[in-house]
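Participant: This is the structure I have questions about; it appears just below.
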Amino acid sequence: MRKFHFIRTSLIATLMTAGSLTGCAITGPADDRSQSVLTPPSSEAKELEPENARLLRNISEKVFGIKWLGRVFAVSDRGFEILTDQVTTLSYRPTGNTFFVQNSKASLSQPSFEGSDGDYIERGKALLTGLGIDASEIAEARLLQQFVQVGFSNPDGKNSSLEPPKKDRRTLLITRAVNGIPVFNSRLIMDLDRGEKIAGLEITWPKISPDVMEKVKFLQKAARADFKAPEQKFAELEAVEVGILHSPAASFLDEQTAAIRVIYRSNDPSIGKKAVAYVDATGKPVKMPRTMETHESPVPSRNQNTQIQPSR
Amino acid sequence: MQIRAWLFAACAVLTFGLSTAHAQNYSTGAVDIYNACATGPDLPQTIPEAANVRHWWDLARFPQVSRWENSDVWNTDFTDGNGDLEPQGGSDVANIYFFTGHGTCQSAPQAADPDFLVTCSGGTLGSTNIGTSSRWGNAGGQSRFMLLDASCPMDLVSLGNNWFPPFRGLHVATGHSGNRTHDTLDSSSRGDQFAARTVGVTTTFLGIVISTIPKQSVTWAWMNTGLIDVQSQVCAVSIANDTTAATASNRRDNEFISPSFGPPIGNWYAWRWICS
C-alpha cells in the first residue's frame, strides 16, 4: 500500500478551548467527583498534499465508485485523509488501512440495494481486491438481513398488539483470517442504497506485522502444548483460539498484537454474556490495542448511605 | 487572507457552540466482579469497555454525570422511583446511560419470559426485571437513550412485554436478543465502536465541518457495531417509541444521540434488528 504523510497540531483543541471561553460550554448536572480527565488527540485540519489527494481520489472513483459533485475538499487531520463534497465523505486512515464512506443524505429508512446476495457479496469482494487485499484473507462473506417491526400498547399498558415483522435492508459483513488465523477486529461492513451506491461503509484491514505473525506461531504451539487457560470461578471453559487483535476502525492509534482468546460460560445457566480473556502463552492478559491515548482519574467510592436495600 | 482567517475562526467557534448546545449528559455503569456475589464469571472487558465509551463521549464534550464500576453499580439504579433517580448514579438521571455487565438468557426465550440486568453490590447479586421494574423518562427522569450491553436483555419474542412499559419518555433503547448457546461475548470493542459511531469525529476546514469518523443515528450505529464479538444467531436490537407507527419508525431509524429529537409521546413502538 502506498505511503502517506500525516501532520498533527493542536489548532482545533485551541479552538475548542476558545469555544468554552465564549460561553458555548454546556452546563449540566455533571458530578465533579466522577468527572474523567481525557487527553483528546490533538487536531488540525490541513489541506491534503496534492499527490495524496490525487491518489485518494483515484481510489474513491475507481474502487468505491464515488461520483463527486461540485467542489471536493481534500483534508488531513489526526492521521485521517479525507475527501468530501459535503454530501459524500471518504475518510482513510493509512496506518490502520481503514476506510469510511458516508453519505450524509443516507438513512436507514431509505430503500436499499435490491440485487442478489451474490451480487452484493461480489461488490464487497471487489472493493477489497481494488484495495490490494488478498482474497485469501477473506474468512467469511455474509449478508446480514435486517428486520423491522412495529407494535402498539393500549393505554392501560396491559395489552399490546404487534404487527408482523418485515424484512428490511441487508448489510454485508466480510471477516478476515490470515493464514487461517482470525483477525478479530478486521472487517468490511457495508450498506448499499437502491441505486447500488454506498450508503455507509467501514473497512479496517491493516497489514499485520511480521512480529505479530511470529507471535501467532509461538502461541499456536503453546496452545497445542502445555497452555493452561486461567481459571475463572463459577464458570467453565468453552473455547480457546489463537487470533490477532488490532485497534478497531474508529481509532486514532494503530496497535496490534496476537493473543490466545479464552471464552468461558457461566456455571449458572441463567447468567448471560460469556467472559473472554485475551492472554499470552503463560495465561497472563495481553495489552489490548487502544483507540486513543487517554487518562482517567480514579473514581472515589460511591456514598452508600443513599443506597436502597438491594434485592434479587 | 485576513477575511478568510476571520471566517474560519468564527465558523469554528460557531460550530463548536452548536455542537455543545446539543450535548447530552451521560452515565456509564460497568460490572466486572461477580465472584463476590458467588456467581460468575467475572467480566474483565466491561471496565475498559465503559472507559472506551466515555472517551468518545468526552471527546464530543458530553458532560459526564457518573461512571460507577462493580459494587458501585446498584441494582436499584435501574428500578423506577427513588432508585433510578438516585442523584449519584441512577439510570434515569442522565440523558444517556450505558450499562455493561451480565444479564440473563433463557435456553429458548418465550414471550412471557422477563429480561434482567444483573449487578453485584455489597456481596448481593441484584437482578432487575426490566419489564416490571424499570421506567425511564418519567417523574423528572432525564433518560433518552438506554444502551445495554448485557447479554440478552432485549429478547425479540418478549419485547412487547418487557420493553413497551419502560418507555416513559425514553427515546431509543438498544440491546441484544439471544439465548444460552448464542450469546454475546465480553468485549471492550463493541461499546467502544458503538459510542464512536454515535458521535463521530469532525474537523473544520475553511469553515466547513468535515466528518473523519462518521456519525450515525443510534440505531444505525448499533446495527453496525452491535454484532462485534458475539456468537452466531445473536441479534442487535434497537427500539423506539412515538405517537404513530410512522413516527416511531422514523425515530428508530433516524434519531441521533445528539442532537436528539424532541420527547416522544404515544404508545407506538418500532424496532429494528440484525442477526449474526
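Chain labels A, B, ... are given in the sequence in which chains occur in the C-alpha cells; within each chain residues are numbered consecutively from 1, and ligands are likewise numbered from 1 in the order shown.
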Please provide as an MDAnalysis selection string all residues within 8 Å of Arg168 (chain B), with the sequence filter that same-chain residues fewer than 3 positions apart are discarded (counting only C-alpha atoms).

Facilitator: chainID B and resid 135:138 165

Participant: Given the selection you just returned, output its residues as a file containing C-alpha atoms, formatted as an mmCIF file, in the first residue's frame.

Facilitator:
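Wrote it out as selection02.cif, contents follow:
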```cif
data_model
loop_
_atom_site.group_PDB
_atom_site.id
_atom_site.type_symbol
_atom_site.label_atom_id
_atom_site.label_comp_id
_atom_site.auth_asym_id
_atom_site.auth_seq_id
_atom_site.Cartn_x
_atom_site.Cartn_y
_atom_site.Cartn_z
ATOM 1 C CA ARG B 135 -39.297 3.009 33.803
ATOM 2 C CA TRP B 136 -37.253 5.680 32.111
ATOM 3 C CA GLY B 137 -38.059 9.311 31.400
ATOM 4 C CA ASN B 138 -40.843 9.628 33.978
ATOM 5 C CA PRO B 165 -43.606 -0.439 29.644
#
```

Participant: Would you mind listing what lies within 8 Å of Pro263 (chain B) as a PDB file with C-alpha atoms, in the first residue's frame, with only C-alpha atoms counted and same-chain residues fewer than 3 positions away left out?

Facilitator:
```pdb
ATOM      1  CA  GLY B 169     -40.183   9.491  27.911  1.00  0.00           C
ATOM      2  CA  LEU B 170     -37.267   7.319  26.795  1.00  0.00           C
ATOM      3  CA  HIS B 171     -36.448   7.859  23.109  1.00  0.00           C
TER       4      HIS B 171
END
```

Participant: Identify all residues of region 81-142 of chain A in strand (DSSP E) (DSSP on the backbone) and supply them as a VMD selection string.

Facilitator: chain A and resid 81 to 84 88 to 93 98 to 103 138 to 142

Participant: Which residues are near Asn162 (chain B)? Cut-off 9 Å, only C-alpha atoms, ignore same chain within fewer than 3 positions. Put them as a PyMOL selection string.

Facilitator: chain B and resi 111-115+129-132+153-155+158-159+165-166

Participant: What does the file look like for those residues with C-alpha atoms, as a compact mmCIF listing (two decimals), in the first residue's frame?

Facilitator:
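Wrote out36.txt, looks like this:
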```txt
# COMPACT_ATOMS: atom_id res chain seq x y z
CA ALA B 111 -42.98 -14.08 25.24
CA ALA B 112 -43.68 -14.21 28.97
CA ASP B 113 -40.02 -14.54 29.97
CA PRO B 114 -38.60 -11.46 31.70
CA ASP B 115 -35.38 -9.64 30.76
CA ASN B 129 -36.61 -7.19 35.93
CA ILE B 130 -36.73 -4.57 33.18
CA GLY B 131 -40.36 -5.11 32.20
CA THR B 132 -41.77 -4.81 35.68
CA PRO B 153 -31.82 -8.06 27.82
CA MET B 154 -33.87 -7.39 24.68
CA ASP B 155 -35.25 -10.72 23.54
CA SER B 158 -40.79 -10.72 24.60
CA LEU B 159 -40.25 -7.11 23.52
CA PRO B 165 -43.61 -0.44 29.64
CA PRO B 166 -40.16 1.11 30.38
```

Participant: Apply DSSP to the structure's backbone, then extract all residues of region 197-312 of chain A labelled helix (DSSP H, G or I) and return them as a ChimeraX atom specification.

Facilitator: /A:210-224,304-306

Participant: Between B:Val199, B:Val172, B:Leu147, B:Leu43, which has the minimum distance to chain A (counting only C-alpha atoms)?

Facilitator: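 Among the listed residues, B:Leu43 lies closest to chain A.
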
Participant: Please indicate the distance in Å from CA of Ser276 (chain B) to CA of Val279 (chain A), rounded to one decimal place.

Facilitator: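 Between CA of Ser276 (chain B) and CA of Val279 (chain A) the gap is 25.5 Å.
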
Participant: Taking only C-alpha atoms into account, which of A:Pro300, A:Asp254, A:Asn52, A:Ile271 comes nearest Thr119 (chain B)?

Facilitator: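 Ranking A:Pro300, A:Asp254, A:Asn52, A:Ile271 by distance to Thr119 (chain B), first place goes to A:Ile271.
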
Participant: I need the residue nearest Asp211 (chain A) from this list: A:Ile59, A:Ala45, A:Ala177, A:Ile244. Use only C-alpha atoms for the distance.

Facilitator: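 Result for the nearest residue to Asp211 (chain A): A:Ile244.
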
Participant: When you count only C-alpha atoms, which of these residues is closest to Val75 (chain A): B:Thr212, B:Thr244, B:Gly226, B:Phe194?

Facilitator: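 Closest residue, counting only C-alpha atoms: B:Thr212.
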
Participant: Kindly give the distance, in Å, that separates CA of Pro230 (chain A) and CA of Asp42 (chain B), rounded to a single decimal.

Facilitator: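 Atom-to-atom, CA of Pro230 (chain A) and CA of Asp42 (chain B) are spaced 12.2 Å apart.
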
Participant: Just the residues within 8 Å of Thr95 (chain A), please, counting only C-alpha atoms, with nothing from its chain fewer than 3 positions along; format it as a ChimeraX atom specification.

Facilitator: /A:79,98,206,254

Participant: Just give me the gap between CA of Ser121 (chain B) and CA of Cys37 (chain B) in Å, one decimal is fine.

Facilitator: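 Taking CA of Ser121 (chain B) as the start and CA of Cys37 (chain B) as the end point, the length is 7.7 Å.
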
Participant: Using only C-alpha atoms, which protein or nucleic acid residues come within 12 Å of Asp192 (chain B)? Drop anything in the same chain fewer than 3 positions from it, and give the result as a ChimeraX atom specification.

Facilitator: /A:247-251,290-292 /B:45-57,98,100,149,187-189,195-200,221-222,225-226,228-229

Participant: With a distance cut-off of 8 Å and only C-alpha atoms, select the neighbouring residues of Lys274 (chain A), excluding the residue or stretch itself and same-chain residues fewer than 4 positions from it, and output the selection as a ChimeraX atom specification.

Facilitator: /A:263-266 /B:41,43,183-186

Participant: Go through A:Ala239, A:Phe252, A:Arg261, A:Arg54 and flag the residue nearest Glu293 (chain A), using only C-alpha atoms for the distances.

Facilitator: A:Phe252

Participant: Identify, on the basis of only C-alpha atoms, every residue whose closest approach to Asn224 (chain B) does not exceed 12 Å; exclude the query and any residue fewer than 6 positions from it along the same chain; express the result as JSON, numbers by chain.

Facilitator: {"A": [108, 144, 146, 170, 171, 172, 173, 187, 188, 189, 190, 191, 200, 201, 202, 203, 249], "B": [190, 191, 193, 194, 195, 196, 197, 198, 214, 215, 216, 217, 218, 235, 236, 237, 238, 273, 274, 275, 276]}
